[in-house]
Amino acid sequence: MDIATDLNIADQAADGRQRGFTFFAGALMALLLVIVGLPLLMVVLMSLRTGLPGEGGALTFVNFITVYSNPKTYHVLVNTLLFATGSVAVALVFVVPLVWLLMRTDVPLKKTIMVLLTVGILIPVFLRTIAWILLLSPKIGLVNQWAMQIFGLDQPLISLYNIPGMAFIQGVSFVPGAFFMLAAAYRTMDPSLEEAAHTSGVSKLRTFLKINIPITMPAIAAVMVYLFMTAISVFEVPAIIGMPARIQVLSSLIYSSTSPPAGLPDYGLAGALGAVMLFVGLILAYFYVRLVRQGKKYAVVTGRGYRPREIALGRWKWPAMVFIFLYLAMEVFIPFLVLFWTSLLPHMQLPSVEALATVSWNNYLTMPANVGLRPVLNTVILMFAVPSVAMILSVLISWVVIRSEVSFRGMLDTAAFLPHAIPHILLAVGLGYLGLAYRNYFPLYGTIFIIMMAHIISWIAYGTRTTNGVMIQVHRELEEAGKVAGASKSRVLWRIVLPLVAVGVMNSWIWIAMLSYREVTMALTLFTRKNVVISTVVWQLWGNGSIPEVSALGVVIVLFAAIVVGGLRIVLSRMGTIGQAS
Amino acid sequence: MISIRGLQKTFNARQGRVDALREIDLDVSEGEFCVLLGPSGCGKTTTLRCVAGLERPDCGEIDLGGRKVNSTSPRIFCPTEKRDISMVFQSYAIWPHMNVFQNVAFPLTQGQKRVAKPIVAERVRAALKRVQLEGLEQRPATDLSGGQQQRVAMARAIVTEPKILLMDEPLSNLDARLREQMRIELRKITKEIGVTTLYVTHDQAEALSLGDKVCLLNQGQILQVAAPHELYTRPANLFAAQFVGEMNFVQGKVVGPGQVETPLGILQAAVPAGVPTGAAVTLAMRPEHVRFHAAADQAHQTVSGKVTIANYLGEAVLFEAVCNGVAIMAKIAGDADFSMGQTVAVELPADRWRVFP
């Protein structure tokens, strides 16, 4: 055998392996396109059909005409715009000073504040909303009752049931997520860019206006666009506050169309409205990606590790701490305390001597009977299955995107990111329609599996962002050393790459499990008696007016989340991050 | 121009307290190019940043151009932007959202020494000409190569005609060839405009070629301040001897006036006054002063050794010969004719030994 023949055979073998790899990547791509594309296709389909799912029928534009010739629709769109703008404004009012205070000044207790911000993310938005309703509802709100007692008013002092109220609660809930997004961008800004201005004789104020703001503007703008994208499609706050007050936004209108309190669902209407939401969402997603790319151009991370001198707040320390405390109170302390207080009473009352006499753990003791086993089981299934499937898919997709030479890996990455731009309510409605209309092919409707699918599709985007970042950090040469030592591709993945990315992957696993745990929009839209989960139980109890039971369940939900996440985070941080490229 | 007295600074790092600066005293006269040299963590950058006002020392006095900018008592601290200084950063710190012209013009349009618009354009163009970047005014900052960014940083620093120029390892991010070129240009520019310069580097070759005066630091303390020639030929202590240039070290014991007993035999060396007989000393000699001969002869005092390393450098050959278990390095002209394994007579001229107690 001469060398030429040997090389030929080796070439063919390499080609074969490359082909096999491409085939695998292609299969992943096809899977993604199907699971993301199908629900979207359903939304489009349902907008073009009339009648009930499964009835078939000709494609028609009549739904669009009905929706957009109805003045009520424009009223709803204006509401949505006002609500979204208001929430983003409220969020920014808190986020920008918070980021500046925690990243640039010598404000004390930074670590504690950041932990509390993370706790804020764990309190499900619907629980926080319920807590604030318990405070500010005109009829039953504790604050109003107290004001009426003290000041002898016959009108409630303040009501939450209006668009400013909704925007306020939603904005406050946006802050922790926006904070971490903005802080990450801030951290990649080279501190010597400010120092260079100081050494050029430029005053601190002028440096802030002419250097800091323009350079962080893309990051701030990206966060604004991202928040706005979320705000026009978010459902929980508009559902709990808006719907009882008959203030409809796009998401609550879509929900009411598919799950009306009375009468038949109108999927055509939902589809026509959803198509608009989707269209606007995709445009905003495009701007978001562009802004992020521009922000990346400005990010230069030096290896020096010189942090800029923290600005000494001096006597401004106290107002800063008050500001931070006020925010944390609104986000974490007050909601939790309100829920806790109400959970201890047989019915809602102001704190007083009589009230204290009725305090007991009753609501907690009767909880197992009230809630039952099924929601707990379903939630547990979700919390294990969703992150596992999502992370396995994410690791495989990232492996192809980051580490392989497959030609369409860029498209694969985009396909994995797409679910991020799809509003959850639409995803759920689309899947629901798919399950109903095609129940002969997809017998998933009404089971926990359809909720599971909705969650997995939603969070592959998050999963791949993390695994991409983690895979990039595992230096290519670590893998190449494995190859040189003679290990096969899969062995390299199993024995070298996976152990190194394990911590990052597990962090994401926990995060996705918690996202599933506190998710209610999709679970509610796809709700049936069989797939009830804990978050939908809260919804049901709230709908029944069982306030003390809701509060008790809320307290348990928050405590459980805090314990699980806190505990696992501590364990994982001990394991540390290994194999990071220096 | 720059006067530093009693500078002290301690950092609280994750591993505990780090004494970055312990009592630093330094003077730089007007127009002088002073290099702060030392290994990582020696305190050179901290000193520079204290002079710049970017770091606040725990105590110490700093005077710039006769004006006190930092003092312990009474407590004086002049903020960076009010000091008459300019600085070139290791990462260049070119503002990405502006173009070259705007970057260089920024100190003149937004700083303390502002000038009228037509003069701004004139001064910017002159500065860019000095760093050989004319014509690139409209280029966006994100489109510049490393070398170009470095020049823009330089132009921005000199456009205000500062009294004091601070540079924090500005050449360390450039590739070797470019670094050497820029070194020569840098010295030319600073001498042309006559600015007092304080320059930080860990590269001793750079320090020797650039500085009028080199200040060697280690672990927060100044070990020697001298002209490059003085630092190289008469290092004041073992650290200086070993950090600057290559050096041979031989341990020994003083056995008489000018006599040291070593594994190479009893050597003649100038023992400094005050070192008693019987004291342990270290003898040091530069490789370029070591000579090889093919065979021992009466004219020179030699030790027999075997060549173990022959490293061809182009202009010279770096040999290592082992004599009585002691490895001696020799730097000999490129056409030297000695080969590996050859036994040679190693000549160690007595007047070239430096003795460190």
# chains A, B, ... in the order shown; residues from 1 in each chain; ligands from 1
>>> select_by_dssp(residues="range 64-167 of chain A", states="helix (DSSP H, G or I)", output="NGL selection string")
:A and (64-68 or 71-104 or 110-122 or 125-136 or 142-151 or 163-167)
>>> residues_around(residues="Ala131 in chain A", least_positions_apart="3", cutoff="10 Å", atoms="only C-alpha atoms", output="count of residues only")
20
>>> closest_atom_pairs(of="chain B", to="chain A", cutoff="8 Å", atoms="only C-alpha atoms", output="JSON lines")
{"residue": "B:Ala52", "atom": "CA", "partner": "A:Thr199", "partner_atom": "CA", "distance": 7.1}
{"residue": "B:Leu54", "atom": "CA", "partner": "A:Arg309", "partner_atom": "CA", "distance": 7.0}
{"residue": "B:Glu55", "atom": "CA", "partner": "A:Arg309", "partner_atom": "CA", "distance": 7.1}
{"residue": "B:Thr80", "atom": "CA", "partner": "A:His198", "partner_atom": "CA", "distance": 5.7}
{"residue": "B:Glu81", "atom": "CA", "partner": "A:Gly201", "partner_atom": "CA", "distance": 3.9}
{"residue": "B:Lys82", "atom": "CA", "partner": "A:Gly201", "partner_atom": "CA", "distance": 6.1}
{"residue": "B:Arg83", "atom": "CA", "partner": "A:Gly201", "partner_atom": "CA", "distance": 7.3}
{"residue": "B:Asp84", "atom": "CA", "partner": "A:Gly201", "partner_atom": "CA", "distance": 7.7}
{"residue": "B:Ile85", "atom": "CA", "partner": "A:Thr199", "partner_atom": "CA", "distance": 6.4}
{"residue": "B:Ser86", "atom": "CA", "partner": "A:Thr199", "partner_atom": "CA", "distance": 5.5}
{"residue": "B:Met87", "atom": "CA", "partner": "A:Thr199", "partner_atom": "CA", "distance": 6.0}
{"residue": "B:Val88", "atom": "CA", "partner": "A:Ala196", "partner_atom": "CA", "distance": 7.8}
{"residue": "B:Phe89", "atom": "CA", "partner": "A:Ser192", "partner_atom": "CA", "distance": 7.3}
{"residue": "B:Ser91", "atom": "CA", "partner": "A:Thr302", "partner_atom": "CA", "distance": 6.9}
{"residue": "B:Ala93", "atom": "CA", "partner": "A:Leu193", "partner_atom": "CA", "distance": 4.9}
{"residue": "B:Ile94", "atom": "CA", "partner": "A:Leu193", "partner_atom": "CA", "distance": 6.9}
{"residue": "B:Trp95", "atom": "CA", "partner": "A:Leu193", "partner_atom": "CA", "distance": 6.4}
{"residue": "B:Pro96", "atom": "CA", "partner": "A:Tyr298", "partner_atom": "CA", "distance": 5.8}
{"residue": "B:His97", "atom": "CA", "partner": "A:Ile215", "partner_atom": "CA", "distance": 6.6}
{"residue": "B:Phe106", "atom": "CA", "partner": "A:Ser200", "partner_atom": "CA", "distance": 7.6}
{"residue": "B:Pro107", "atom": "CA", "partner": "A:Ser200", "partner_atom": "CA", "distance": 4.9}
{"residue": "B:Gln110", "atom": "CA", "partner": "A:Val202", "partner_atom": "CA", "distance": 5.7}
{"residue": "B:Gly111", "atom": "CA", "partner": "A:Val202", "partner_atom": "CA", "distance": 4.1}
{"residue": "B:Gln112", "atom": "CA", "partner": "A:Gly201", "partner_atom": "CA", "distance": 5.2}
{"residue": "B:Lys113", "atom": "CA", "partner": "A:Gly201", "partner_atom": "CA", "distance": 7.6}
{"residue": "B:Thr142", "atom": "CA", "partner": "A:Lys297", "partner_atom": "CA", "distance": 7.4}
{"residue": "B:Ala157", "atom": "CA", "partner": "A:Ser200", "partner_atom": "CA", "distance": 7.3}
>>> residues_around(residues="Val344 in chain B", least_positions_apart="6", cutoff="7 Å", atoms="only C-alpha atoms", output="count of residues only")
7
>>> residues_around(residues="range 557-565 of chain A", least_positions_apart="2", cutoff="9 Å", atoms="only C-alpha atoms", output="list in words")
Val119, Leu122, Ile123, Pro124, Leu127, Phe336, Ile510, Trp511, Met514, Tyr517, Arg518, Ile534, Ser535, Ala552, Leu553, Gly554, Val555, Gly567, Leu568, Arg569 and Ile570 of chain A
>>> atom_distance(atom1="CA of Glu288 in chain B", atom2="CA of Asn248 in chain B")
10.2 Å
>>> closest_residue(among="A:Lys296, A:Arg290, A:Arg403, A:Lys317", to="Thr216 in chain A", atoms="only C-alpha atoms")
A:Lys296
>>> select_by_dssp(residues="range 43-269 of chain B", states="strand (DSSP E)", output="compact mmCIF listing (two decimals) with C-alpha atoms, in the first residue's frame")
# COMPACT_ATOMS: atom_id res chain seq x y z
CA CYS B 59 0.31 59.42 52.88
CA GLY B 60 3.04 61.33 51.13
CA GLU B 61 3.76 64.63 49.40
CA ILE B 62 3.61 65.14 45.64
CA ASP B 63 4.63 68.41 43.99
CA LEU B 64 4.10 69.03 40.31
CA ARG B 67 2.54 73.16 43.11
CA LYS B 68 1.58 70.76 45.88
CA VAL B 69 -1.06 68.33 44.60
CA ASN B 70 -1.01 65.78 47.37
CA SER B 71 -0.22 66.20 51.04
CA ILE B 76 -4.48 68.32 50.17
CA PHE B 77 -5.63 66.36 47.15
CA ILE B 85 -0.47 66.50 33.22
CA SER B 86 -1.14 64.25 30.26
CA MET B 87 -1.19 60.47 30.22
CA VAL B 88 -0.84 57.65 27.73
CA ILE B 164 4.37 66.61 32.55
CA LEU B 165 3.76 63.49 30.47
CA LEU B 166 2.93 60.18 32.13
CA MET B 167 3.12 56.89 30.25
CA ASP B 168 1.94 53.52 31.55
CA THR B 196 9.14 66.09 31.56
CA THR B 197 8.29 62.42 31.21
CA LEU B 198 7.58 59.68 33.74
CA TYR B 199 7.49 56.30 32.00
CA VAL B 200 6.57 52.93 33.44
CA THR B 201 7.87 49.65 32.03
CA LYS B 213 17.32 58.32 34.50
CA VAL B 214 16.08 54.88 35.55
CA CYS B 215 14.37 54.27 38.87
CA LEU B 216 14.39 50.57 39.79
CA LEU B 217 11.62 49.38 42.08
CA ASN B 218 10.84 46.11 43.78
CA GLN B 221 10.64 50.23 47.39
CA ILE B 222 13.17 52.08 45.27
CA LEU B 223 16.36 50.04 44.93
CA GLN B 224 18.41 52.35 42.76
CA VAL B 225 18.02 55.60 40.85
CA ALA B 226 20.73 56.15 38.23
CA ASN B 248 26.85 35.60 36.24
CA PHE B 249 26.72 34.95 39.98
CA VAL B 250 29.33 33.06 42.01
CA GLN B 251 29.05 32.54 45.77
CA GLY B 252 32.15 32.95 47.84
CA LYS B 253 33.78 33.86 51.13
CA VAL B 254 36.20 36.71 51.79
CA VAL B 255 39.56 35.24 52.83
CA GLY B 256 41.77 38.32 52.56
CA GLN B 259 40.57 37.87 47.83
CA VAL B 260 37.48 35.69 47.69
CA GLU B 261 37.40 31.92 47.98
CA THR B 262 34.96 30.36 45.51
CA GLY B 265 39.40 28.89 43.29
CA ILE B 266 40.61 32.00 45.04
CA LEU B 267 39.67 34.99 42.89
CA GLN B 268 40.92 38.57 42.97
>>> residues_around(residues="Ile140 in chain A", least_positions_apart="6", cutoff="10 Å", atoms="only C-alpha atoms", output="PDB file with N, CA and C atoms, in the first residue's frame")
ATOM      1  N   ILE A 133     -52.084  44.449  45.286  1.00  0.00           N
ATOM      2  CA  ILE A 133     -53.538  44.632  45.275  1.00  0.00           C
ATOM      3  C   ILE A 133     -54.071  44.584  46.693  1.00  0.00           C
ATOM      4  N   LEU A 134     -53.523  43.662  47.490  1.00  0.00           N
ATOM      5  CA  LEU A 134     -53.962  43.567  48.875  1.00  0.00           C
ATOM      6  C   LEU A 134     -53.683  44.864  49.634  1.00  0.00           C
ATOM      7  N   PRO A 156     -61.564  55.722  48.860  1.00  0.00           N
ATOM      8  CA  PRO A 156     -60.232  55.140  48.981  1.00  0.00           C
ATOM      9  C   PRO A 156     -59.175  56.171  48.556  1.00  0.00           C
ATOM     10  N   MET A 348     -58.808  38.985  55.562  1.00  0.00           N
ATOM     11  CA  MET A 348     -57.937  40.173  55.529  1.00  0.00           C
ATOM     12  C   MET A 348     -58.361  41.234  56.507  1.00  0.00           C
ATOM     13  N   GLN A 349     -57.435  41.700  57.331  1.00  0.00           N
ATOM     14  CA  GLN A 349     -57.746  42.826  58.195  1.00  0.00           C
ATOM     15  C   GLN A 349     -56.477  43.598  58.454  1.00  0.00           C
TER      16      GLN A 349
END
>>> residues_around(residues="Ala239 in chain A", least_positions_apart="6", cutoff="12 Å", atoms="only C-alpha atoms", output="PyMOL selection string")
chain A and resi 125-126+129-130+161+166+170+233+245-256+425+520-521+524-525+539+542-543
>>> closest_residue(among="A:Val505, A:Val571, A:Ile220, A:Ala58", to="Val470 in chain A", atoms="only C-alpha atoms")
A:Val505
>>> residues_around(residues="Leu356 in chain A", least_positions_apart="2", cutoff="12 Å", atoms="only C-alpha atoms", output="MDAnalysis selection string")
chainID A and resid 341:342 344:354 358:360
>>> atom_distance(atom1="CA of Val124 in chain B", atom2="CA of Asn103 in chain B")
9.5 Å
>>> atom_distance(atom1="CA of Leu269 in chain A", atom2="CA of Gln540 in chain A")
25.2 Å
